[in-house]
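Structure data follow from run_2.cif (mmCIF, C-alpha atoms):
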```cif
data_my_file
#
loop_
_atom_site.group_PDB
_atom_site.id
_atom_site.type_symbol
_atom_site.label_atom_id
_atom_site.label_comp_id
_atom_site.auth_asym_id
_atom_site.auth_seq_id
_atom_site.Cartn_x
_atom_site.Cartn_y
_atom_site.Cartn_z
ATOM 1 C CA MET M 74 -24.366 -0.772 20.932
ATOM 2 C CA ARG M 75 -21.143 0.837 22.101
ATOM 3 C CA PRO M 76 -19.069 2.978 19.702
ATOM 4 C CA ASP M 77 -16.184 0.501 19.748
ATOM 5 C CA HIS M 78 -18.577 -2.135 18.415
ATOM 6 C CA LEU M 79 -19.407 0.168 15.536
ATOM 7 C CA THR M 80 -15.860 0.477 14.282
ATOM 8 C CA ILE M 81 -13.865 -2.189 12.540
ATOM 9 C CA SER M 82 -10.163 -2.372 13.215
ATOM 10 C CA GLY M 83 -7.515 -2.215 10.540
ATOM 11 C CA CYS M 84 -6.727 -5.865 11.249
ATOM 12 C CA LEU M 85 -10.296 -6.931 10.477
ATOM 13 C CA ILE M 86 -10.365 -4.847 7.318
ATOM 14 C CA LEU M 87 -7.064 -6.432 6.292
ATOM 15 C CA THR M 88 -8.523 -9.906 6.851
ATOM 16 C CA ALA M 89 -11.525 -9.055 4.691
ATOM 17 C CA LEU M 90 -9.304 -7.479 2.060
ATOM 18 C CA PHE M 91 -6.950 -10.464 1.864
ATOM 19 C CA ALA M 92 -9.885 -12.861 1.563
ATOM 20 C CA THR M 93 -11.530 -10.777 -1.160
ATOM 21 C CA LEU M 94 -8.349 -10.390 -3.174
ATOM 22 C CA GLU M 95 -7.388 -14.039 -2.856
ATOM 23 C CA ALA M 96 -10.829 -15.055 -4.062
ATOM 24 C CA ALA M 97 -10.710 -12.622 -6.977
ATOM 25 C CA GLN M 98 -7.119 -13.234 -8.041
ATOM 26 C CA GLY M 99 -6.689 -16.825 -6.969
ATOM 27 C CA ASN M 100 -3.309 -16.039 -5.381
ATOM 28 C CA ASP M 101 -2.033 -18.757 -7.701
ATOM 29 C CA ALA M 102 1.727 -18.400 -7.918
ATOM 30 C CA ALA M 103 1.781 -20.380 -11.171
ATOM 31 C CA LYS M 104 -0.278 -17.653 -12.836
ATOM 32 C CA ILE M 105 2.043 -14.752 -12.059
ATOM 33 C CA THR M 106 2.599 -12.736 -15.214
ATOM 34 C CA ALA M 107 4.564 -9.595 -16.056
ATOM 35 C CA GLU M 108 3.174 -6.596 -17.930
ATOM 36 C CA PRO M 109 5.321 -3.685 -19.160
ATOM 37 C CA VAL M 110 4.245 -0.321 -17.750
ATOM 38 C CA ALA M 111 6.768 2.228 -19.044
ATOM 39 C CA GLY M 112 10.532 2.487 -19.434
ATOM 40 C CA SER M 113 12.260 -0.094 -17.258
ATOM 41 C CA VAL M 114 9.179 -0.801 -15.148
ATOM 42 C CA TYR M 115 6.944 -3.870 -15.127
ATOM 43 C CA VAL M 116 4.034 -4.877 -12.913
ATOM 44 C CA LEU M 117 3.698 -8.518 -11.876
ATOM 45 C CA ARG M 118 0.150 -9.803 -11.507
ATOM 46 C CA GLY M 119 -1.193 -12.963 -9.954
ATOM 47 C CA SER M 120 -0.039 -12.151 -6.459
ATOM 48 C CA VAL M 121 -2.458 -10.733 -3.881
ATOM 49 C CA ALA M 122 -0.819 -7.316 -4.198
ATOM 50 C CA ASN M 123 0.850 -5.662 -7.175
ATOM 51 C CA ILE M 124 4.564 -6.370 -7.474
ATOM 52 C CA VAL M 125 6.619 -3.776 -9.333
ATOM 53 C CA ALA M 126 9.985 -4.375 -10.970
ATOM 54 C CA SER M 127 12.611 -2.182 -12.621
ATOM 55 C CA VAL M 128 14.521 -4.309 -15.109
ATOM 56 C CA GLY M 129 17.726 -3.198 -16.824
ATOM 57 C CA ASP M 130 21.433 -3.676 -17.345
ATOM 58 C CA ASP M 131 22.193 -3.307 -13.630
ATOM 59 C CA GLY M 132 19.757 -6.002 -12.633
ATOM 60 C CA ILE M 133 16.293 -6.016 -11.083
ATOM 61 C CA VAL M 134 14.829 -3.903 -8.294
ATOM 62 C CA MET M 135 11.523 -5.287 -6.999
ATOM 63 C CA VAL M 136 8.912 -3.388 -5.005
ATOM 64 C CA ASP M 137 6.947 -5.599 -2.586
ATOM 65 C CA ASP M 138 6.654 -9.376 -2.719
ATOM 66 C CA ASP M 139 3.805 -11.717 -1.794
ATOM 67 C CA LEU M 140 1.491 -12.878 0.973
ATOM 68 C CA ASN M 141 3.274 -16.234 1.040
ATOM 69 C CA ALA M 142 6.941 -17.114 0.725
ATOM 70 C CA SER M 143 5.861 -20.154 -1.321
ATOM 71 C CA ALA M 144 5.319 -17.837 -4.312
ATOM 72 C CA ALA M 145 8.970 -16.751 -4.389
ATOM 73 C CA ASP M 146 10.074 -19.330 -6.955
ATOM 74 C CA SER M 147 7.276 -18.379 -9.335
ATOM 75 C CA ILE M 148 8.009 -14.674 -8.932
ATOM 76 C CA LEU M 149 11.695 -15.255 -9.603
ATOM 77 C CA ALA M 150 10.835 -17.386 -12.629
ATOM 78 C CA THR M 151 8.642 -14.607 -13.986
ATOM 79 C CA LEU M 152 11.433 -12.081 -13.496
ATOM 80 C CA LYS M 153 13.852 -14.447 -15.236
ATOM 81 C CA SER M 154 11.491 -14.618 -18.210
ATOM 82 C CA ILE M 155 11.972 -10.844 -18.591
ATOM 83 C CA SER M 156 15.715 -10.676 -17.947
ATOM 84 C CA GLY M 157 18.637 -12.911 -17.129
ATOM 85 C CA LYS M 158 19.962 -10.242 -14.777
ATOM 86 C CA PRO M 159 19.880 -10.940 -11.015
ATOM 87 C CA LEU M 160 17.485 -9.537 -8.461
ATOM 88 C CA ARG M 161 19.537 -6.909 -6.656
ATOM 89 C CA PHE M 162 17.147 -5.178 -4.223
ATOM 90 C CA VAL M 163 13.669 -5.704 -2.762
ATOM 91 C CA ILE M 164 11.728 -2.717 -1.404
ATOM 92 C CA ASN M 165 8.852 -3.014 1.088
ATOM 93 C CA THR M 166 6.352 -0.155 0.767
ATOM 94 C CA HIS M 167 4.931 -0.939 4.233
ATOM 95 C CA ILE M 168 4.595 -3.751 6.750
ATOM 96 C CA HIS M 169 1.479 -5.636 5.652
ATOM 97 C CA GLU M 170 1.966 -9.304 4.932
ATOM 98 C CA ASP M 171 0.464 -9.200 1.445
ATOM 99 C CA HIS M 172 3.460 -7.000 0.539
ATOM 100 C CA THR M 173 6.130 -8.564 2.779
ATOM 101 C CA GLY M 174 5.096 -12.202 3.238
ATOM 102 C CA GLY M 175 7.855 -13.406 0.955
ATOM 103 C CA ASN M 176 10.624 -11.494 2.715
ATOM 104 C CA ASP M 177 12.025 -14.655 4.302
ATOM 105 C CA ALA M 178 12.610 -16.211 0.896
ATOM 106 C CA PHE M 179 13.746 -13.115 -0.992
ATOM 107 C CA GLN M 180 16.192 -12.125 1.730
ATOM 108 C CA GLU M 181 18.279 -15.108 0.579
ATOM 109 C CA VAL M 182 18.533 -13.502 -2.860
ATOM 110 C CA ALA M 183 18.777 -9.749 -2.278
ATOM 111 C CA PRO M 184 18.775 -7.208 0.561
ATOM 112 C CA ILE M 185 15.404 -5.820 1.582
ATOM 113 C CA ILE M 186 14.922 -2.067 1.968
ATOM 114 C CA ALA M 187 12.154 -0.410 4.014
ATOM 115 C CA HIS M 188 11.469 2.493 6.307
ATOM 116 C CA ARG M 189 12.880 1.935 9.777
ATOM 117 C CA ASN M 190 9.343 1.724 11.266
ATOM 118 C CA VAL M 191 8.726 -1.404 9.203
ATOM 119 C CA ARG M 192 11.757 -3.149 10.669
ATOM 120 C CA THR M 193 10.894 -1.934 14.178
ATOM 121 C CA ARG M 194 7.373 -3.360 13.978
ATOM 122 C CA MET M 195 8.600 -6.608 12.437
ATOM 123 C CA ALA M 196 11.166 -7.018 15.207
ATOM 124 C CA SER M 197 8.576 -7.086 18.009
ATOM 125 C CA GLY M 198 4.888 -6.681 18.734
ATOM 126 C CA ALA M 199 1.746 -7.895 16.980
ATOM 127 C CA ARG M 200 3.412 -8.187 13.553
ATOM 128 C CA LYS M 201 6.644 -9.774 14.760
ATOM 129 C CA ARG M 202 8.384 -11.785 12.062
ATOM 130 C CA ALA M 203 11.323 -14.139 11.914
ATOM 131 C CA ALA M 204 14.704 -12.435 11.847
ATOM 132 C CA GLU M 205 15.148 -13.589 8.249
ATOM 133 C CA ALA M 206 12.167 -11.446 7.161
ATOM 134 C CA LEU M 207 13.396 -8.160 8.623
ATOM 135 C CA PRO M 208 14.622 -5.469 6.218
ATOM 136 C CA THR M 209 18.407 -5.170 6.254
ATOM 137 C CA VAL M 210 18.540 -1.600 4.901
ATOM 138 C CA THR M 211 16.393 1.120 6.482
ATOM 139 C CA PHE M 212 16.128 4.885 6.096
ATOM 140 C CA GLU M 213 14.347 7.866 7.631
ATOM 141 C CA SER M 214 12.846 10.249 5.062
ATOM 142 C CA GLU M 215 14.265 9.564 1.599
ATOM 143 C CA LEU M 216 16.611 7.140 -0.132
ATOM 144 C CA ASN M 217 17.858 7.145 -3.718
ATOM 145 C CA LEU M 218 18.997 4.139 -5.738
ATOM 146 C CA PHE M 219 20.799 5.043 -8.956
ATOM 147 C CA PHE M 220 20.083 1.904 -10.884
ATOM 148 C CA ASN M 221 19.085 0.887 -14.420
ATOM 149 C CA ASP M 222 19.653 4.448 -15.621
ATOM 150 C CA GLU M 223 16.973 5.523 -13.118
ATOM 151 C CA ASN M 224 16.932 7.619 -10.011
ATOM 152 C CA ILE M 225 14.747 5.271 -7.990
ATOM 153 C CA ARG M 226 13.521 7.560 -5.239
ATOM 154 C CA LEU M 227 12.056 6.117 -2.045
ATOM 155 C CA LEU M 228 10.000 8.729 -0.206
ATOM 156 C CA LYS M 229 8.639 8.236 3.309
ATOM 157 C CA LEU M 230 5.134 9.641 3.743
ATOM 158 C CA PRO M 231 3.453 10.992 6.871
ATOM 159 C CA ALA M 232 1.754 8.169 8.796
ATOM 160 C CA GLY M 233 -1.434 7.321 6.901
ATOM 161 C CA HIS M 234 -2.176 3.751 5.806
ATOM 162 C CA THR M 235 0.562 2.752 8.293
ATOM 163 C CA ASP M 236 3.475 4.601 9.891
ATOM 164 C CA GLY M 237 5.980 3.038 7.492
ATOM 165 C CA ASP M 238 4.479 3.984 4.121
ATOM 166 C CA VAL M 239 6.932 4.537 1.277
ATOM 167 C CA VAL M 240 6.187 5.659 -2.283
ATOM 168 C CA VAL M 241 8.704 4.683 -4.981
ATOM 169 C CA PHE M 242 9.384 7.016 -7.922
ATOM 170 C CA PHE M 243 11.010 5.635 -11.069
ATOM 171 C CA THR M 244 11.954 9.049 -12.369
ATOM 172 C CA ARG M 245 13.147 8.281 -15.901
ATOM 173 C CA SER M 246 10.343 5.830 -16.608
ATOM 174 C CA ASN M 247 7.813 8.269 -15.086
ATOM 175 C CA VAL M 248 6.187 5.571 -12.975
ATOM 176 C CA VAL M 249 5.169 5.836 -9.327
ATOM 177 C CA ALA M 250 4.562 2.785 -7.106
ATOM 178 C CA MET M 251 2.182 3.914 -4.373
ATOM 179 C CA GLY M 252 1.931 0.900 -2.105
ATOM 180 C CA ASP M 253 -1.354 0.909 -0.201
ATOM 181 C CA VAL M 254 -1.701 4.656 0.321
ATOM 182 C CA PHE M 255 -3.676 4.411 -2.919
ATOM 183 C CA MET M 256 -5.883 1.513 -3.983
ATOM 184 C CA SER M 257 -7.541 1.675 -7.361
ATOM 185 C CA PRO M 258 -10.193 2.801 -8.174
ATOM 186 C CA ALA M 259 -9.962 5.478 -5.474
ATOM 187 C CA ALA M 260 -9.572 5.306 -1.699
ATOM 188 C CA SER M 261 -7.466 3.129 0.576
ATOM 189 C CA PHE M 262 -8.005 2.402 4.286
ATOM 190 C CA VAL M 263 -5.859 2.633 7.399
ATOM 191 C CA ASP M 264 -4.430 0.180 9.889
ATOM 192 C CA GLY M 265 -4.430 1.830 13.298
ATOM 193 C CA SER M 266 -2.575 -1.108 14.818
ATOM 194 C CA SER M 267 0.355 -0.255 12.545
ATOM 195 C CA GLY M 268 0.340 3.470 13.266
ATOM 196 C CA GLY M 269 -2.091 4.572 10.561
ATOM 197 C CA THR M 270 -4.742 7.279 10.822
ATOM 198 C CA ILE M 271 -7.415 8.251 8.306
ATOM 199 C CA VAL M 272 -6.740 11.966 8.757
ATOM 200 C CA GLY M 273 -3.047 11.160 8.296
ATOM 201 C CA LEU M 274 -3.852 9.328 5.060
ATOM 202 C CA ILE M 275 -5.319 12.556 3.692
ATOM 203 C CA GLU M 276 -2.177 14.424 4.771
ATOM 204 C CA ALA M 277 0.032 11.771 3.154
ATOM 205 C CA LEU M 278 -1.776 12.089 -0.180
ATOM 206 C CA GLU M 279 -1.641 15.870 0.005
ATOM 207 C CA PHE M 280 2.095 15.575 0.647
ATOM 208 C CA VAL M 281 2.873 13.249 -2.262
ATOM 209 C CA LEU M 282 0.481 14.471 -4.964
ATOM 210 C CA PRO M 283 2.446 17.625 -5.879
ATOM 211 C CA GLN M 284 5.456 15.383 -6.505
ATOM 212 C CA ILE M 285 3.677 13.091 -8.982
ATOM 213 C CA PRO M 286 3.946 14.276 -12.611
ATOM 214 C CA ALA M 287 0.617 14.833 -14.341
ATOM 215 C CA ASP M 288 1.384 12.199 -16.982
ATOM 216 C CA ALA M 289 2.931 9.587 -14.668
ATOM 217 C CA LYS M 290 1.784 5.982 -14.614
ATOM 218 C CA VAL M 291 0.639 5.191 -11.077
ATOM 219 C CA ILE M 292 0.780 1.622 -9.774
ATOM 220 C CA PRO M 293 -1.457 1.157 -6.726
ATOM 221 C CA GLY M 294 -0.908 -1.465 -4.070
ATOM 222 C CA HIS M 295 -3.933 -3.271 -5.490
ATOM 223 C CA GLY M 296 -5.804 -2.800 -8.748
ATOM 224 C CA PRO M 297 -4.993 -1.676 -12.287
ATOM 225 C CA VAL M 298 -2.316 0.778 -13.352
ATOM 226 C CA SER M 299 -3.804 4.219 -12.822
ATOM 227 C CA SER M 300 -3.140 7.930 -13.252
ATOM 228 C CA ARG M 301 -2.462 10.920 -11.051
ATOM 229 C CA ALA M 302 -6.083 11.948 -11.630
ATOM 230 C CA ASP M 303 -7.218 8.688 -10.013
ATOM 231 C CA VAL M 304 -5.158 9.506 -6.911
ATOM 232 C CA VAL M 305 -6.713 12.979 -6.849
ATOM 233 C CA ARG M 306 -10.172 11.412 -6.950
ATOM 234 C CA GLY M 307 -9.278 9.140 -4.027
ATOM 235 C CA LEU M 308 -8.126 12.143 -2.021
ATOM 236 C CA GLU M 309 -11.321 14.020 -2.849
ATOM 237 C CA VAL M 310 -13.442 11.100 -1.636
ATOM 238 C CA LEU M 311 -11.562 10.953 1.669
ATOM 239 C CA LYS M 312 -11.843 14.732 2.144
ATOM 240 C CA GLU M 313 -15.596 14.616 1.504
ATOM 241 C CA MET M 314 -15.910 11.796 4.040
ATOM 242 C CA LYS M 315 -13.953 13.839 6.563
ATOM 243 C CA ALA M 316 -16.195 16.883 6.008
ATOM 244 C CA ILE M 317 -19.371 14.841 6.567
ATOM 245 C CA VAL M 318 -18.126 13.381 9.838
ATOM 246 C CA ALA M 319 -16.751 16.737 11.018
ATOM 247 C CA ALA M 320 -20.147 18.337 10.378
ATOM 248 C CA GLY M 321 -21.852 15.544 12.301
ATOM 249 C CA ILE M 322 -19.517 15.995 15.249
ATOM 250 C CA SER M 323 -20.160 19.762 15.212
ATOM 251 C CA ALA M 324 -23.889 19.022 15.256
ATOM 252 C CA GLY M 325 -23.443 16.886 18.372
ATOM 253 C CA LYS M 326 -24.107 13.540 16.726
ATOM 254 C CA THR M 327 -22.740 10.378 18.287
ATOM 255 C CA MET M 328 -20.804 7.842 16.281
ATOM 256 C CA GLU M 329 -23.791 5.477 16.502
ATOM 257 C CA GLN M 330 -26.017 8.092 14.929
ATOM 258 C CA LEU M 331 -23.592 8.790 12.100
ATOM 259 C CA VAL M 332 -23.064 5.105 11.372
ATOM 260 C CA ALA M 333 -26.849 4.555 11.299
ATOM 261 C CA GLU M 334 -27.173 7.286 8.668
ATOM 262 C CA LYS M 335 -24.790 5.356 6.362
ATOM 263 C CA PRO M 336 -23.450 8.551 4.781
ATOM 264 C CA PHE M 337 -20.681 6.816 2.825
ATOM 265 C CA GLU M 338 -22.730 4.181 0.989
ATOM 266 C CA LYS M 339 -22.426 6.063 -2.302
ATOM 267 C CA TRP M 340 -18.666 5.492 -2.176
ATOM 268 C CA GLN M 341 -18.749 1.747 -1.573
ATOM 269 C CA ALA M 342 -17.427 1.012 -5.076
ATOM 270 C CA LEU M 343 -14.514 3.422 -4.576
ATOM 271 C CA ILE M 344 -13.019 2.029 -1.363
ATOM 272 C CA ALA M 345 -10.850 -0.974 -0.584
ATOM 273 C CA PRO M 346 -12.477 -4.298 -1.576
ATOM 274 C CA GLY M 347 -14.197 -5.959 1.376
ATOM 275 C CA ALA M 348 -14.037 -2.837 3.581
ATOM 276 C CA PRO M 349 -17.460 -1.746 4.907
ATOM 277 C CA THR M 350 -18.245 1.957 4.783
ATOM 278 C CA ASP M 351 -19.193 1.907 8.493
ATOM 279 C CA ALA M 352 -15.514 1.344 9.265
ATOM 280 C CA TYR M 353 -14.622 4.615 7.549
ATOM 281 C CA VAL M 354 -17.264 6.505 9.528
ATOM 282 C CA GLY M 355 -15.909 5.103 12.776
ATOM 283 C CA ARG M 356 -12.291 5.747 11.871
ATOM 284 C CA PHE M 357 -12.939 9.385 10.910
ATOM 285 C CA TYR M 358 -15.026 9.910 14.044
ATOM 286 C CA ARG M 359 -12.320 8.588 16.340
ATOM 287 C CA ASP M 360 -9.508 10.472 14.613
ATOM 288 C CA LEU M 361 -11.383 13.771 14.540
ATOM 289 C CA THR M 362 -12.599 13.598 18.131
ATOM 290 C CA ALA M 363 -9.071 12.708 19.275
ATOM 291 C CA GLN M 364 -7.610 15.863 17.740
#
```

So that I can check it, write out the structure of this file as structure tokens.
Amino acid sequence: MRPDHLTISGCLILTALFATLEAAQGNDAAKITAEPVAGSVYVLRGSVANIVASVGDDGIVMVDDDLNASAADSILATLKSISGKPLRFVINTHIHEDHTGGNDAFQEVAPIIAHRNVRTRMASGARKRAAEALPTVTFESELNLFFNDENIRLLKLPAGHTDGDVVVFFTRSNVVAMGDVFMSPAASFVDGSSGGTIVGLIEALEFVLPQIPADAKVIPGHGPVSSRADVVRGLEVLKEMKAIVAAGISAGKTMEQLVAEKPFEKWQALIAPGAPTDAYVGRFYRDLTAQ
């Protein structure tokens, strides 16, 4: 079997992940509920991915939307049940459809903000979207929204999960929305077709971790509200994976040999739902041998 048959692309992992999450969560728009996290911040559940909202006197800022635009009415109704204030901004943490699928509908309500790479990839290529779905406000490295008595800080990360990853800090509320660079309970995956690399994901986490307060509430792209310590554990898992593959490469092992050894099986419960551990072996092998 050739090495390329032993790796699973980010697109295939995404397909498996979407299917797993839809089965587990139902993706039933009618069941979308809001839970307070801290300060002005809520997390909306019932969508495939976590939706985060800052709610206050200035209005509502929402982070990510849904896999399907059909859920927009239910999301807006849930937000209305919290506050009569309007939705003012929508932020995309990255390009994946489970976080941006509702852009077409929400763009009619509020401008969408994302890193410029998200708009570029949506404008053409494999993830091309209708013009109505493209972010209307983009930025390079950092953007601040002074809203709801918060400094809502959008920070671009080094290419990791994708090349458009943004983490959102709600500084007064002490909440951090991580997008998919972190998936509870521990480690995320990467989408190479959208500019992601597994080694880059480690670098992205190392870049952002020092900026997360020790007592912050961390909202992952998928899964329960977590802590900084959970993000640290995810980084440690990825670094241990990297060390195993690097040692195998130094010993002259092929990717087929490393995959056959199944060295990451003990971490199956700590990685993205539906993602096989063989995919991580292959991704690390390709990234490390390409360096």

Residues of range 210-299 of chain M at most 10 Å from range 139-162 of chain M: nearest atom pair and distance in Å, only C-alpha atoms, as a tab-separated table:
```
residue	atom	partner	partner_atom	distance
M:Val210	CA	M:Phe162	CA	9.9
M:Leu218	CA	M:Phe162	CA	9.6
M:Phe220	CA	M:Arg161	CA	9.8
```

Give me the result of the PyMOL selection byres ((chain M and resi 180) around 10) on this file, residue by residue, as a list of chain:residue names.
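Residues picked by the PyMOL selection byres ((chain M and resi 180) around 10): M:Phe162, M:Val163, M:Gly175, M:Asn176, M:Asp177, M:Ala178, M:Phe179, M:Glu181, M:Val182, M:Ala183, M:Pro184, M:Ile185, M:Glu205, M:Ala206, M:Leu207, M:Pro208, M:Thr209.
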
Just write the chosen residues, C-alpha atoms, as a JSON list (two decimals), in the coordinates of the input.
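So the final result, stored in part.json, reads:
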```
[["chain", "number", "residue", "atom", "x", "y", "z"],
["M", 162, "PHE", "CA", 17.15, -5.18, -4.22],
["M", 163, "VAL", "CA", 13.67, -5.70, -2.76],
["M", 175, "GLY", "CA", 7.86, -13.41, 0.96],
["M", 176, "ASN", "CA", 10.62, -11.49, 2.72],
["M", 177, "ASP", "CA", 12.02, -14.66, 4.30],
["M", 178, "ALA", "CA", 12.61, -16.21, 0.90],
["M", 179, "PHE", "CA", 13.75, -13.12, -0.99],
["M", 181, "GLU", "CA", 18.28, -15.11, 0.58],
["M", 182, "VAL", "CA", 18.53, -13.50, -2.86],
["M", 183, "ALA", "CA", 18.78, -9.75, -2.28],
["M", 184, "PRO", "CA", 18.77, -7.21, 0.56],
["M", 185, "ILE", "CA", 15.40, -5.82, 1.58],
["M", 205, "GLU", "CA", 15.15, -13.59, 8.25],
["M", 206, "ALA", "CA", 12.17, -11.45, 7.16],
["M", 207, "LEU", "CA", 13.40, -8.16, 8.62],
["M", 208, "PRO", "CA", 14.62, -5.47, 6.22],
["M", 209, "THR", "CA", 18.41, -5.17, 6.25]]
```

For the file shown, what are the residues hit by the PyMOL selection byres ((chain M and resi 357) around 10), laid out as a PyMOL selection string?
chain M and resi 80+270-272+311+314-319+328+352-356+358-363

Atom-to-atom span, CA of Ala187 in chain M and CA of Thr211 in chain M, Å:
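Computing the Euclidean distance for CA of Ala187 in chain M and CA of Thr211 in chain M yields 5.1 Å.
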
Given the choices M:Val298, M:Val240, M:Val310, M:Ala204, which gets closest to Phe337 in chain M if the distance is worked out from all atoms listed in the file?
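Comparing M:Val298, M:Val240, M:Val310, M:Ala204 against Phe337 in chain M, the winner is M:Val310.
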
Residues of range 246-364 of chain M that approach range 109-117 of chain M to 8 Å or less, counting all atoms listed in the file: could you list each one with the shortest pair of atoms and its distance in Å to one decimal, rows by chain and increasing residue number, as CSV?
```
residue,atom,partner,partner_atom,distance
M:Ser246,CA,M:Gly112,CA,4.4
M:Asn247,CA,M:Ala111,CA,7.3
M:Val248,CA,M:Ala111,CA,7.0
M:Lys290,CA,M:Val110,CA,7.5
M:Ile292,CA,M:Val116,CA,7.9
M:Val298,CA,M:Val110,CA,8.0
```

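One finds CA of Asp264 in chain M at 14.9 Å from CA of Met195 in chain M.
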
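In this model, the gap between CA of Phe280 in chain M and CA of Asn190 in chain M comes to 18.9 Å.
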
Exercise: Val241 in chain M partners within 7 Å, only C-alpha atoms, chain neighbours under 3 positions left out, as a ChimeraX atom specification
/M:225-228,249-251
